[in-house]
Amino acid sequence: MLSHTLIKNLLASTTFGTEVNARGWVRTRRGNKNIAFIALNDGSTIHSIQVVAEMSKFSEDLMKKITTGCCLSVTGDLVQSHGKGQTVEIQAKQVEILGEADAETFPLQKKEHTMEFLREIAHLRPRTNTFGAVFRIRHHLAFAIHKFFNDRNFYYLHTPIITGSDAEGAGEMFHVSTLNAANPPRNPDGSVNFAEDFFGKETNLTVSGQLEGELGALALGLIYTFGPTFRAENSNTPRHLAEFWMIEPEMAFHDINDNMDLAEEMLKYLVSYVLEHGADDLQFLNDRYDKELLARLRSVTEKKFARITYTTAVDMLTTSGKTFEYPVKWGSDLQKEHETFLVEKHNAPVIITDYPREIKAFYMKQNDDGKTVRGMDILFPWIGEIIGGSQREENLEKLQQRIREMKLPEKELWWYLDTRKFGTCVHSGFGLGFERLALFVTGMSNIRDVIPFPRTPKNAEF
RNA sequence: UCCUCGGUAGCUCAGCUGGUUAGAGCAUCUGACUGUUAAUCAGAGGGUCGCUGGUUCGAGUCCAGCCCGGGGAGCCA
């Protein structure tokens, strides 16, 4: 049992006249020499509770220390509010300052701050209404992901964070080593001798749990991963992080269509879940930052996602009459401006399938036309690619052929190829960028504002 | 990484074609006000103008390099 009551429960209570204890941080304080009004927030909800303190009941010294940011324990009677703006408040009988916050140096003020400034004080920004809302929503999303998969008989598989494989081909990797960087052991030819490193070989942080996820799916049937992912790309955009979280389901006996069905159902479920369980926080974000947010979220849960092939997409772009900065050509990857056009044209999320094999990863299932593979990308408004996935090539010879064509280290993938050698089957999966989803759901404009402590080029503070 | 915009008080910004002691709003502090809702009103304090170098009688202002941040692009989730 808690010794105090969460503010979200106090605000929902109607048992007036009872003595309660609340603990939290002071958001604002108003008043005069007779009475003080303190907005107290404990993070349990976006809403603060109003504490009313009559100055005569407390020492001058104590009241002086109640400033924005300080931490209080307040005991008093829960009463109906006399004032407008709130229905309940606490008539304080005892106030204890658990932690002072010097008003001259506490950086959060009772005014709006820019996101850029708050990023510089990421240790304190969770105490703002905005970041409180964002991080509560982030929690709801994470919980809903586990619930969605658990309810559908998926098993949560933990894939490694340190990987000895660099064959995933998803960008630059962070090296993991315990060697002395200033003076590493060397081979006769001058190269670093990783045989002397901690794992006896060169290792990196994972860029994807997919390959290991496939191993799980070909045993447990339905699995998903949900863990941190690392990309050492020098990406400086509002949509990229060096450390982010990714969800990667992998399903045996599922083809590309089953894959799309699951992805669409999942996205709609997750958005609906937050609409229901994060309603207060979403309302705040909607009112404060993005008046279209709630409407946009509801529309995603209702609209059927458009499904078109890459070839159709290229046709639509070339016959659109629009001139693009980057020319549209069958065989080239779609650019941001092309994706934006397709999403706006359909006025709904768009799933694009059957990409040219040359622009996609080695593990994607090859179509009979010899030109395309069964990959799928889901494009969302503004966010762009929120999901990337495919049916996997389950045929050993075709897979080996692609590995050789792309000059990948076949030997290092022996364990992956073994799944095609022993009891292979049709299977599919996709990767969902957790922060990209959080970006869409919260309506924030920069991905650094939907993760508590963002890691980006030149920034690993906190 | 490329393009572009920016860095002046705790925060958000103004500061003209270089020219005396660098301004405002909010915040903070002091005072006023018997219930406030971003409370209100009056007053006060607060600055190495991102860093380094250069041009000049004189640089917040012009030039170069660097650092950091925003937006756009690429890479991708």
# chains A, B, ... in the order shown; residues from 1 in each chain; ligands from 1

call {"tool": "residues_around", "arguments": {"residues": "Pro160 of chain A", "least_positions_apart": "6", "cutoff": "9 Å", "atoms": "only C-alpha atoms (C1' of nucleotides)", "output": "count of residues only"}}
result
4

call {"tool": "residues_around", "arguments": {"residues": "Met406 of chain A", "least_positions_apart": "3", "cutoff": "8 Å", "atoms": "only C-alpha atoms (C1' of nucleotides)", "output": "list in words"}}
result
Phe362, Arg402 and Ile403 of chain A

call {"tool": "write_last_selection", "arguments": {"atoms": "N, CA, C and O atoms", "output": "compact mmCIF listing (two decimals), in the first residue's frame"}}
result
# COMPACT_ATOMS: atom_id res chain seq x y z
N PHE A 362 18.93 -9.03 -49.45
CA PHE A 362 19.15 -10.36 -50.03
C PHE A 362 18.12 -11.40 -49.60
O PHE A 362 17.87 -12.38 -50.31
N ARG A 402 21.48 -15.09 -54.32
CA ARG A 402 21.41 -13.66 -54.03
C ARG A 402 22.60 -13.21 -53.18
O ARG A 402 23.16 -12.14 -53.37
N ILE A 403 22.95 -14.05 -52.20
CA ILE A 403 24.09 -13.72 -51.32
C ILE A 403 25.36 -13.57 -52.14
O ILE A 403 26.15 -12.64 -51.93

call {"tool": "interface_residues", "arguments": {"of": "chain B", "to": "chain A", "cutoff": "12 Å", "atoms": "only C-alpha atoms (C1' of nucleotides)", "output": "count of residues only"}}
result
31

call {"tool": "select_by_dssp", "arguments": {"residues": "segment 110-353 of chain A", "states": "strand (DSSP E or B)", "output": "ChimeraX atom specification"}}
result
/A:155-156,162-163,175-176,186,192,203-205,222-230,243-252,306-309,350-353

call {"tool": "select_by_dssp", "arguments": {"residues": "segment 150-316 of chain A", "states": "helix (DSSP H, G or I)", "output": "MDAnalysis selection string"}}
result
chainID A and resid 150:151 194:196 210:220 256:277 279:288 293:302 310:316

call {"tool": "atom_distance", "arguments": {"atom1": "atom CA of Ala133 of chain A", "atom2": "atom CA of Gly69 of chain A"}}
result
17.6 Å

call {"tool": "residues_around", "arguments": {"residues": "G60 of chain B", "least_positions_apart": "4", "cutoff": "9 Å", "atoms": "only C-alpha atoms (C1' of nucleotides)", "output": "count of residues only"}}
result
4

call {"tool": "closest_residue", "arguments": {"among": "B:G43, B:G18, B:G25, B:G7", "to": "U56 of chain B", "atoms": "only C-alpha atoms (C1' of nucleotides)"}}
result
B:G18

call {"tool": "atom_distance", "arguments": {"atom1": "atom CA of Glu243 of chain A", "atom2": "atom CA of Met173 of chain A"}}
result
11.0 Å

call {"tool": "residues_around", "arguments": {"residues": "Tyr326 of chain A", "least_positions_apart": "6", "cutoff": "9 Å", "atoms": "only C-alpha atoms (C1' of nucleotides)", "output": "MDAnalysis selection string"}}
result
chainID A and resid 334:335 337:338

call {"tool": "residues_around", "arguments": {"residues": "Lys65 of chain A", "least_positions_apart": "5", "cutoff": "12 Å", "atoms": "only C-alpha atoms (C1' of nucleotides)", "output": "list in words"}}
result
Val26, Arg29, Phe58, Ser59, Glu60, Cys70, Cys71, Leu72, Val95, Glu96, Ile97, Leu98, Gly99, Glu100, Ala101, Asp102, Ala103 and Glu104 of chain A

call {"tool": "write_last_selection", "arguments": {"atoms": "C-alpha atoms", "output": "PDB file, in the first residue's frame"}}
result
ATOM      1  CA  VAL A  26       5.053  22.061  -7.822  1.00  0.00           C
ATOM      2  CA  ARG A  29       2.192  28.789  -7.373  1.00  0.00           C
ATOM      3  CA  PHE A  58       2.167  27.723   8.026  1.00  0.00           C
ATOM      4  CA  SER A  59       5.484  29.311   8.847  1.00  0.00           C
ATOM      5  CA  GLU A  60       6.717  32.078   6.609  1.00  0.00           C
ATOM      6  CA  CYS A  70      10.112  21.748  -5.519  1.00  0.00           C
ATOM      7  CA  CYS A  71       8.872  18.407  -4.218  1.00  0.00           C
ATOM      8  CA  LEU A  72       6.102  18.372  -1.622  1.00  0.00           C
ATOM      9  CA  VAL A  95       2.978  20.608   4.143  1.00  0.00           C
ATOM     10  CA  GLU A  96       6.395  19.030   4.091  1.00  0.00           C
ATOM     11  CA  ILE A  97       9.073  20.053   1.613  1.00  0.00           C
ATOM     12  CA  LEU A  98      10.722  16.855   0.442  1.00  0.00           C
ATOM     13  CA  GLY A  99      13.077  18.604  -1.932  1.00  0.00           C
ATOM     14  CA  GLU A 100      13.653  22.296  -2.511  1.00  0.00           C
ATOM     15  CA  ALA A 101      14.135  23.864  -5.937  1.00  0.00           C
ATOM     16  CA  ASP A 102      15.948  27.191  -5.962  1.00  0.00           C
ATOM     17  CA  ALA A 103      13.753  29.526  -7.971  1.00  0.00           C
ATOM     18  CA  GLU A 104      16.735  31.495  -9.244  1.00  0.00           C
TER      19      GLU A 104
END

call {"tool": "residues_around", "arguments": {"residues": "segment 291-301 of chain A", "least_positions_apart": "2", "cutoff": "10 Å", "atoms": "only C-alpha atoms (C1' of nucleotides)", "output": "PyMOL selection string"}}
result
chain A and resi 264-265+267-272+274-275+279+282-289+303-305+347-349+380-381+440-444

call {"tool": "write_last_selection", "arguments": {"atoms": "N, CA and C atoms", "output": "compact mmCIF listing (two decimals), in the first residue's frame"}}
result
# COMPACT_ATOMS: atom_id res chain seq x y z
N GLU A 264 -1.19 -4.05 -40.83
CA GLU A 264 -2.27 -3.06 -40.82
C GLU A 264 -3.12 -3.21 -39.57
N GLU A 265 -3.43 -4.44 -39.23
CA GLU A 265 -4.24 -4.68 -38.02
C GLU A 265 -3.50 -4.16 -36.79
N LEU A 267 -1.12 -1.77 -36.52
CA LEU A 267 -1.05 -0.30 -36.45
C LEU A 267 -2.39 0.27 -35.99
N LYS A 268 -3.48 -0.28 -36.53
CA LYS A 268 -4.80 0.22 -36.14
C LYS A 268 -5.09 -0.08 -34.67
N TYR A 269 -4.67 -1.26 -34.23
CA TYR A 269 -4.87 -1.64 -32.83
C TYR A 269 -4.11 -0.69 -31.91
N LEU A 270 -2.85 -0.43 -32.26
CA LEU A 270 -2.01 0.40 -31.39
C LEU A 270 -2.55 1.82 -31.29
N VAL A 271 -2.98 2.37 -32.41
CA VAL A 271 -3.53 3.73 -32.38
C VAL A 271 -4.83 3.75 -31.58
N SER A 272 -5.68 2.74 -31.78
CA SER A 272 -6.94 2.68 -31.03
C SER A 272 -6.68 2.56 -29.54
N VAL A 274 -4.19 3.63 -27.79
CA VAL A 274 -3.77 4.90 -27.19
C VAL A 274 -4.92 5.90 -27.16
N LEU A 275 -5.76 5.87 -28.19
CA LEU A 275 -6.93 6.76 -28.18
C LEU A 275 -7.78 6.49 -26.95
N ALA A 279 -6.24 9.09 -23.52
CA ALA A 279 -7.14 10.14 -24.01
C ALA A 279 -6.79 11.53 -23.46
N LEU A 282 -3.52 12.75 -25.06
CA LEU A 282 -3.72 13.08 -26.48
C LEU A 282 -4.50 14.37 -26.64
N GLN A 283 -5.50 14.55 -25.78
CA GLN A 283 -6.30 15.78 -25.83
C GLN A 283 -5.41 16.99 -25.59
N PHE A 284 -4.51 16.87 -24.61
CA PHE A 284 -3.58 17.97 -24.32
C PHE A 284 -2.71 18.28 -25.53
N LEU A 285 -2.14 17.23 -26.13
CA LEU A 285 -1.26 17.43 -27.29
C LEU A 285 -2.04 17.99 -28.47
N ASN A 286 -3.28 17.54 -28.61
CA ASN A 286 -4.14 18.03 -29.67
C ASN A 286 -4.43 19.52 -29.49
N ASP A 287 -4.76 19.92 -28.26
CA ASP A 287 -5.11 21.31 -28.00
C ASP A 287 -3.89 22.21 -28.11
N ARG A 288 -2.75 21.70 -27.64
CA ARG A 288 -1.58 22.54 -27.51
C ARG A 288 -0.76 22.66 -28.79
N TYR A 289 -0.61 21.54 -29.52
CA TYR A 289 0.34 21.55 -30.63
C TYR A 289 -0.27 21.29 -32.01
N LYS A 303 -9.67 4.01 -41.85
CA LYS A 303 -9.42 3.86 -43.29
C LYS A 303 -8.68 2.57 -43.61
N LYS A 304 -9.06 1.99 -44.74
CA LYS A 304 -8.32 0.85 -45.25
C LYS A 304 -7.04 1.38 -45.88
N PHE A 305 -5.91 0.74 -45.57
CA PHE A 305 -4.65 1.18 -46.15
C PHE A 305 -4.65 0.84 -47.64
N ASN A 347 -4.71 9.65 -49.72
CA ASN A 347 -5.28 10.22 -48.51
C ASN A 347 -5.44 9.14 -47.43
N ALA A 348 -4.46 8.27 -47.35
CA ALA A 348 -4.46 7.16 -46.39
C ALA A 348 -3.06 6.57 -46.38
N PRO A 349 -2.73 5.80 -45.34
CA PRO A 349 -1.46 5.08 -45.38
C PRO A 349 -1.39 4.18 -46.61
N PHE A 380 3.43 6.34 -44.01
CA PHE A 380 2.47 7.12 -43.24
C PHE A 380 2.60 8.60 -43.62
N PRO A 381 1.53 9.34 -43.41
CA PRO A 381 1.62 10.78 -43.65
C PRO A 381 2.77 11.38 -42.85
N PHE A 440 4.17 9.68 -34.77
CA PHE A 440 2.86 9.80 -35.42
C PHE A 440 1.75 9.95 -34.40
N VAL A 441 1.81 9.14 -33.36
CA VAL A 441 0.71 9.11 -32.39
C VAL A 441 0.68 10.38 -31.52
N THR A 442 1.85 10.91 -31.17
CA THR A 442 1.87 12.09 -30.31
C THR A 442 1.75 13.39 -31.09
N GLY A 443 2.05 13.33 -32.39
CA GLY A 443 2.02 14.56 -33.18
C GLY A 443 3.22 15.45 -32.95
N MET A 444 4.22 14.94 -32.22
CA MET A 444 5.46 15.72 -32.06
C MET A 444 6.11 15.85 -33.44

call {"tool": "atom_distance", "arguments": {"atom1": "atom CA of Glu302 of chain A", "atom2": "atom CA of Asn150 of chain A"}}
result
23.4 Å

call {"tool": "residues_around", "arguments": {"residues": "Gly389 of chain A", "least_positions_apart": "6", "cutoff": "7 Å", "atoms": "only C-alpha atoms (C1' of nucleotides)", "output": "ChimeraX atom specification"}}
result
/A:375-377,429-431

call {"tool": "decode", "arguments": {"residues": "segment 9-33 of chain B", "atoms": "N, CA and C atoms (P, O5', C5', C4', C3', O3' and C1' of nucleotides)", "output": "CSV table (one decimal), in the first residue's frame"}}
result
chain,number,residue,atom,x,y,z
B,9,A,P,21.8,36.0,-24.0
B,9,A,O5',21.6,37.0,-22.8
B,9,A,C5',22.6,37.1,-21.8
B,9,A,C4',22.0,37.3,-20.5
B,9,A,C3',20.9,36.3,-20.1
B,9,A,O3',21.0,36.0,-18.7
B,9,A,C1',20.1,38.5,-20.0
B,10,G,P,21.8,34.7,-18.2
B,10,G,O5',20.7,33.6,-18.0
B,10,G,C5',21.0,32.3,-17.7
B,10,G,C4',19.7,31.5,-17.5
B,10,G,C3',18.8,31.5,-18.7
B,10,G,O3',19.1,30.4,-19.6
B,10,G,C1',17.6,32.3,-16.8
B,11,C,P,19.0,30.6,-21.2
B,11,C,O5',17.5,30.7,-21.4
B,11,C,C5',16.6,29.5,-21.3
B,11,C,C4',15.2,29.8,-21.6
B,11,C,C3',15.0,30.5,-23.0
B,11,C,O3',14.9,29.5,-24.0
B,11,C,C1',13.9,31.8,-21.4
B,12,U,P,15.3,29.9,-25.5
B,12,U,O5',14.2,30.9,-25.9
B,12,U,C5',12.9,30.5,-26.2
B,12,U,C4',12.0,31.7,-26.7
B,12,U,C3',12.6,32.5,-27.8
B,12,U,O3',12.4,31.8,-29.1
B,12,U,C1',11.9,34.0,-26.2
B,13,C,P,13.3,32.2,-30.3
B,13,C,O5',12.9,33.7,-30.6
B,13,C,C5',13.9,34.6,-31.1
B,13,C,C4',13.3,36.0,-30.8
B,13,C,C3',14.2,37.2,-31.4
B,13,C,O3',13.8,37.4,-32.8
B,13,C,C1',13.6,37.7,-29.2
B,14,A,P,14.9,38.1,-33.8
B,14,A,O5',14.9,39.6,-33.2
B,14,A,C5',13.8,40.4,-33.5
B,14,A,C4',14.0,41.8,-33.0
B,14,A,C3',15.2,42.6,-33.5
B,14,A,O3',15.1,43.1,-34.8
B,14,A,C1',14.9,43.0,-31.2
B,15,G,P,16.4,43.2,-35.8
B,15,G,O5',17.4,44.1,-35.0
B,15,G,C5',17.2,45.5,-35.0
B,15,G,C4',18.2,46.1,-34.1
B,15,G,C3',19.6,46.0,-34.5
B,15,G,O3',20.0,46.9,-35.5
B,15,G,C1',19.5,45.5,-32.2
B,16,C,P,21.3,46.5,-36.4
B,16,C,O5',21.0,47.1,-37.9
B,16,C,C5',20.1,46.4,-38.7
B,16,C,C4',19.7,47.4,-39.8
B,16,C,C3',20.9,48.1,-40.5
B,16,C,O3',20.7,48.2,-41.9
B,16,C,C1',19.4,49.7,-39.5
B,17,U,P,21.6,47.4,-42.8
B,17,U,O5',23.0,47.9,-42.5
B,17,U,C5',24.1,47.5,-43.3
B,17,U,C4',24.8,48.7,-44.0
B,17,U,C3',25.8,49.5,-43.1
B,17,U,O3',27.0,48.9,-43.1
B,17,U,C1',24.3,51.0,-44.3
B,18,G,P,28.1,49.2,-42.0
B,18,G,O5',27.4,48.6,-40.8
B,18,G,C5',27.0,48.9,-39.6
B,18,G,C4',27.9,48.9,-38.5
B,18,G,C3',28.0,50.3,-37.8
B,18,G,O3',27.8,50.2,-36.4
B,18,G,C1',30.2,49.4,-38.2
B,19,G,P,26.8,50.9,-35.6
B,19,G,O5',27.8,52.0,-34.9
B,19,G,C5',28.7,51.6,-33.9
B,19,G,C4',29.0,52.8,-33.1
B,19,G,C3',28.0,53.9,-33.0
B,19,G,O3',28.0,54.6,-31.7
B,19,G,C1',29.9,54.8,-34.0
B,20,U,P,27.3,54.1,-30.4
B,20,U,O5',28.6,54.3,-29.5
B,20,U,C5',28.7,53.8,-28.2
B,20,U,C4',29.7,54.7,-27.4
B,20,U,C3',29.4,54.7,-25.9
B,20,U,O3',30.6,54.8,-25.2
B,20,U,C1',29.2,56.9,-26.9
B,21,U,P,30.9,53.6,-24.3
B,21,U,O5',29.5,53.1,-23.6
B,21,U,C5',29.6,52.1,-22.5
B,21,U,C4',28.3,52.2,-21.7
B,21,U,C3',27.0,51.7,-22.3
B,21,U,O3',26.8,50.4,-21.9
B,21,U,C1',26.7,53.7,-21.0
B,22,A,P,26.5,49.3,-23.1
B,22,A,O5',25.0,49.5,-23.4
B,22,A,C5',24.6,49.9,-24.7
B,22,A,C4',23.6,49.0,-25.3
B,22,A,C3',22.5,48.5,-24.3
B,22,A,O3',21.4,49.3,-24.4
B,22,A,C1',23.5,46.7,-25.6
B,23,G,P,20.9,50.0,-23.1
B,23,G,O5',19.3,49.9,-23.2
B,23,G,C5',18.7,48.7,-22.8
B,23,G,C4',17.6,48.5,-23.7
B,23,G,C3',16.5,47.6,-23.2
B,23,G,O3',15.5,48.3,-22.5
B,23,G,C1',17.2,46.8,-25.3
B,24,A,P,14.7,47.6,-21.3
B,24,A,O5',13.5,46.8,-22.1
B,24,A,C5',12.6,47.5,-22.9
B,24,A,C4',11.7,46.6,-23.7
B,24,A,C3',11.0,45.5,-22.8
B,24,A,O3',9.9,46.0,-22.2
B,24,A,C1',12.0,44.5,-24.7
B,25,G,P,9.3,45.4,-20.8
B,25,G,O5',8.7,44.0,-21.2
B,25,G,C5',7.5,44.0,-22.0
B,25,G,C4',7.2,42.5,-22.3
B,25,G,C3',7.2,41.6,-21.1
B,25,G,O3',6.0,41.5,-20.5
B,25,G,C1',8.5,40.7,-22.9
B,26,C,P,6.0,41.3,-18.9
B,26,C,O5',6.4,39.7,-18.8
B,26,C,C5',5.5,38.7,-19.1
B,26,C,C4',6.3,37.4,-19.2
B,26,C,C3',6.9,36.9,-17.9
B,26,C,O3',5.9,36.2,-17.1
B,26,C,C1',8.5,36.7,-19.7
B,27,A,P,6.1,36.3,-15.5
B,27,A,O5',7.5,35.5,-15.2
B,27,A,C5',7.6,34.1,-15.3
B,27,A,C4',9.0,33.6,-15.1
B,27,A,C3',9.6,34.0,-13.7
B,27,A,O3',9.2,33.1,-12.7
B,27,A,C1',11.1,34.5,-15.4
B,28,U,P,9.0,33.6,-11.2
B,28,U,O5',10.5,34.1,-10.8
B,28,U,C5',11.5,33.2,-10.6
B,28,U,C4',12.8,33.9,-10.2
B,28,U,C3',12.6,34.8,-9.0
B,28,U,O3',12.7,34.1,-7.8
B,28,U,C1',13.7,36.0,-10.7
B,29,C,P,11.8,34.5,-6.5
B,29,C,O5',12.5,35.9,-6.0
B,29,C,C5',13.8,35.9,-5.5
B,29,C,C4',14.2,37.3,-5.2
B,29,C,C3',13.2,38.2,-4.4
B,29,C,O3',13.3,37.9,-3.0
B,29,C,C1',13.9,39.4,-6.3
B,30,U,P,12.0,38.1,-2.1
B,30,U,O5',11.8,39.7,-2.1
B,30,U,C5',12.7,40.6,-1.4
B,30,U,C4',12.2,42.0,-1.6
B,30,U,C3',10.8,42.2,-1.2
B,30,U,O3',10.6,42.4,0.2
B,30,U,C1',11.3,43.3,-3.3
B,31,G,P,9.1,41.9,0.8
B,31,G,O5',8.1,43.0,0.2
B,31,G,C5',8.1,44.3,0.8
B,31,G,C4',7.3,45.3,-0.1
B,31,G,C3',5.8,44.9,-0.1
B,31,G,O3',5.1,45.3,1.0
B,31,G,C1',6.5,45.5,-2.3
B,32,A,P,3.7,44.6,1.4
B,32,A,O5',2.7,45.1,0.3
B,32,A,C5',2.2,46.5,0.3
B,32,A,C4',1.2,46.7,-0.8
B,32,A,C3',0.0,45.8,-0.8
B,32,A,O3',-1.0,46.3,0.1
B,32,A,C1',0.9,45.9,-3.0
B,33,C,P,-1.8,45.2,1.0
B,33,C,O5',-2.8,44.6,0.0
B,33,C,C5',-3.8,45.3,-0.7
B,33,C,C4',-4.4,44.5,-1.8
B,33,C,C3',-5.0,43.1,-1.3
B,33,C,O3',-6.3,43.3,-0.8
B,33,C,C1',-3.7,42.9,-3.3
